[in-house]
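The structure appears below as structure tokens.
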Amino acid sequence: MIALVRVLGDGGHGSPGPKRTGTQQSSTALPKSTRELLQWVRANLPAGTRVLADPTVGSRLKGAGYHVEIGMAAACPPNSFIFLTPALEQSARQRRPIAGCINHSLTVASLGSYEVREVTADLAAAVRARRADLADRERGGAALADNPSIRMSAPLRTAVRDGLLDLRAQAVLAQLAALMPLRLMAIDGVPAETRAGLPARSVVIRVPNRAAAERQLSHVAAAYRPSQVVRAAGNTLRLTWPFRTGPLPVLN
Amino acid sequence: MRIRRSRSLALVAVTGLGAGLIVLPPAAAASSAGAAMIRGGHFSPNTPGVDVYLTAFAGKTTRLWLSGVGYGDVSGYERFAPGLYAVSMRPHGAAPSTPAALSWTLDARPGAAYTACAVGLNAQLHGIVLHDDLQPAPAGEARVRVIQAASRAPRADVVATGGPALARGVAFSTSTNYTLIHAGDYTIKASAVGNPALQATTRASFAPDSVHTVVVLDARSRGITTRVLDDATGAAVAPVGAPPAGAGGTARAPDDWVYGAVPGLVAVLATAVAGALVLRKRRTT
């Protein structure tokens, strides 16, 4: 009854989702939360990602261009995902393997009672890693907020101090600020991720030399590199980092 | 009234001194007890030299060291203020306009020691940061780890003859945890997994309570070689390095601390001297 979905579209990190086919079912029949989380999956989970979902959601993903495998409900290897809906929760009450999958996962996107969860190899370790990540963001944010080469409004400064900004963004801003003064104009989070306790991973900055900033951004290691650098008016850049599942190279 | 004015002048001098300290680099500002110790290591076999940069999230602390340090070498430890740093690097001699590649974040903790290593072949040059355990080993023993930086050996075994295995199948560009070994003289043998002809030996003397790193490297022409680094002996930590060698591509020459500290200190000293002179004059009148 439960579909294990392998995503085969080109909906990789930050890229548009796979091409919709003419056979897709109408999304409007789904609750808004489900539609939004489906969009999140298509935008953020790369091709090949395994997703455990109920048949309805699984069929939608399949109709949207994803390959769906059915009949492997109990298999939820680490780094696969669960598209948790009330229907799947109902199934979990009857099927312990599904409940086991859910119990070994952490929420990465949330809309009410609908969630996307990542299956972990070691839940306790994953919880510790998430706490450590927050602590790193808070320490880094406190330092970044005091960086004299980065100007920002008081509310943004508070947000940065509170660790609401992704550590990758913090590191890149610190390095950019070593080259040129910059102004942090905005921090944008994905609402579903923010509800799940994940940090914002998109910023808008204004720099005096956009070409030099872009040159520096091209020399950032893959783990820290923004997936999107979009030019805007007035020497501003929007930098967006991909949804992150693996650990960052951070040494404490 | 006279006293109040004198105190005001003294306060100006002290405040000026404090302001002057703010522009000093972390290495200078940090006390030895509360500082983090960081050194650089060049383990990229076909990169002539590597420059490593630490950029504090708090800003104004971009530092350059390892200029001209060759393959297999490490710098001395330097003291840095604890905090988060973006670690980046690039081949030595690259044009100043060439950005350094950001590759790591280091949360430097008070009293902890780290080695920022440039590893991998030149085309895939990247950085890793290792935590160095410089605490003395238990009595009569030494603590040894392995950094595998020989590209000719995708995986390598390292053993101390008559002692324990220090590494089994350690992959290129990675390191092991520390192994305890009885203090004494050993022959260290490194060999490529699956290619026993590719091997190297070296003699090493591990003093009691000491800490060492065995680095497996590509030999100059062909084959592999090993080098033993002395990280700490007893309570003494191996050498603290010289000041940074100079500004590089990520340094902001006109306003960076290197250039700002001296005039700042001159101003501070001038203020302090002026304050002292005024105080002396007041007392004599």
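We label chains A, B, ... in the order they appear in the structure tokens, count residues from 1 in each chain, and number ligands from 1 in the order shown.
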
Write out as a list in words every residue belonging to chain B that has an atom at most 6 Å from any atom of chain A, counting only C-alpha atoms.
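The answer, sorted by residue number, is Phe57, Ala58, Gly59, Leu84, Ala86, Pro99, Ala101, Leu102, Ser103, Trp104, Thr105, Leu106 and Asp107 of chain B.
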
Let me make sure I understand: among A:Gln90, A:Ser80, A:Ala232, A:Pro31, which one has the smallest atom-to-atom distance to A:Pro46 if we use only C-alpha atoms?
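Result for the nearest residue to A:Pro46: A:Ser80.
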
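Using only C-alpha atoms, the smallest distance between any of B:Ala139, B:Gly40, B:His212, B:Ser205 and B:Gly76 comes from B:Gly40.
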
Could you give me, as a Markdown table, every stretch 61-134 of chain B residue with an atom at most 6 Å from stretch 33-39 of chain B, plus its closest atom pair and distance in Å to one decimal, counting only C-alpha atoms, rows ordered by chain then number?
| residue | atom | partner | partner_atom | distance |
| --- | --- | --- | --- | --- |
| B:Ser75 | CA | B:Arg39 | CA | 5.5 |
| B:Gly76 | CA | B:Arg39 | CA | 5.7 |
| B:Tyr77 | CA | B:Arg39 | CA | 4.4 |
| B:Glu78 | CA | B:Ile38 | CA | 5.3 |
| B:Arg79 | CA | B:Met37 | CA | 4.7 |
| B:Phe80 | CA | B:Ala36 | CA | 5.2 |
| B:Ala81 | CA | B:Ala35 | CA | 5.2 |
| B:Pro82 | CA | B:Ala36 | CA | 5.6 |
| B:Ala108 | CA | B:Ala36 | CA | 5.9 |
| B:Arg109 | CA | B:Ala36 | CA | 5.8 |
| B:Pro110 | CA | B:Gly34 | CA | 4.9 |
| B:Gly111 | CA | B:Ala36 | CA | 5.1 |
| B:Ala112 | CA | B:Ala36 | CA | 5.2 |
| B:Ala113 | CA | B:Met37 | CA | 4.4 |
| B:Tyr114 | CA | B:Ile38 | CA | 4.8 |
| B:Thr115 | CA | B:Arg39 | CA | 4.9 |

For the structure I just gave you, how does DSSP split stretch 15-215 of chain A - specifically, which residues are helix (DSSP H, G or I)? Reply as a ChimeraX atom specification.
/A:27-29,32-44,55-63,86-94,96-103,123-145,154-161,167-179,191-195,210-215

d(atom CA of A:Asp133, atom CA of A:Leu182) in Å
25.1 Å

Among the residues A:Arg210, A:Arg183, A:Arg50, A:Arg130, the one that comes closest to A:Val229 [using only C-alpha atoms]
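Of A:Arg210, A:Arg183, A:Arg50, A:Arg130, the one nearest A:Val229, counting only C-alpha atoms, is A:Arg210.
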
Using only C-alpha atoms, determine which residues lie at most 8 Å from A:Asn79, disregarding the query and same-chain residues fewer than 5 positions distant; provide the list as a list in words.
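Non-adjacent residues within range: Glu118, Val119, Thr120, Ala121 and Thr245 of chain A.
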
Give the strand (DSSP E) residues of stretch 17-234 of chain A, as DSSP finds them on the backbone, and put them as number ranges by chain.
A: 50-53, 67-70, 81-84, 105-111, 114-119, 150-151, 182-188, 202-206, 228-232

At what distance in Å, to one decimal, does atom CA of A:Arg131 lie from atom CA of A:Ala92?
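Taking atom CA of A:Ala92 and atom CA of A:Arg131, their separation equals 27.6 Å.
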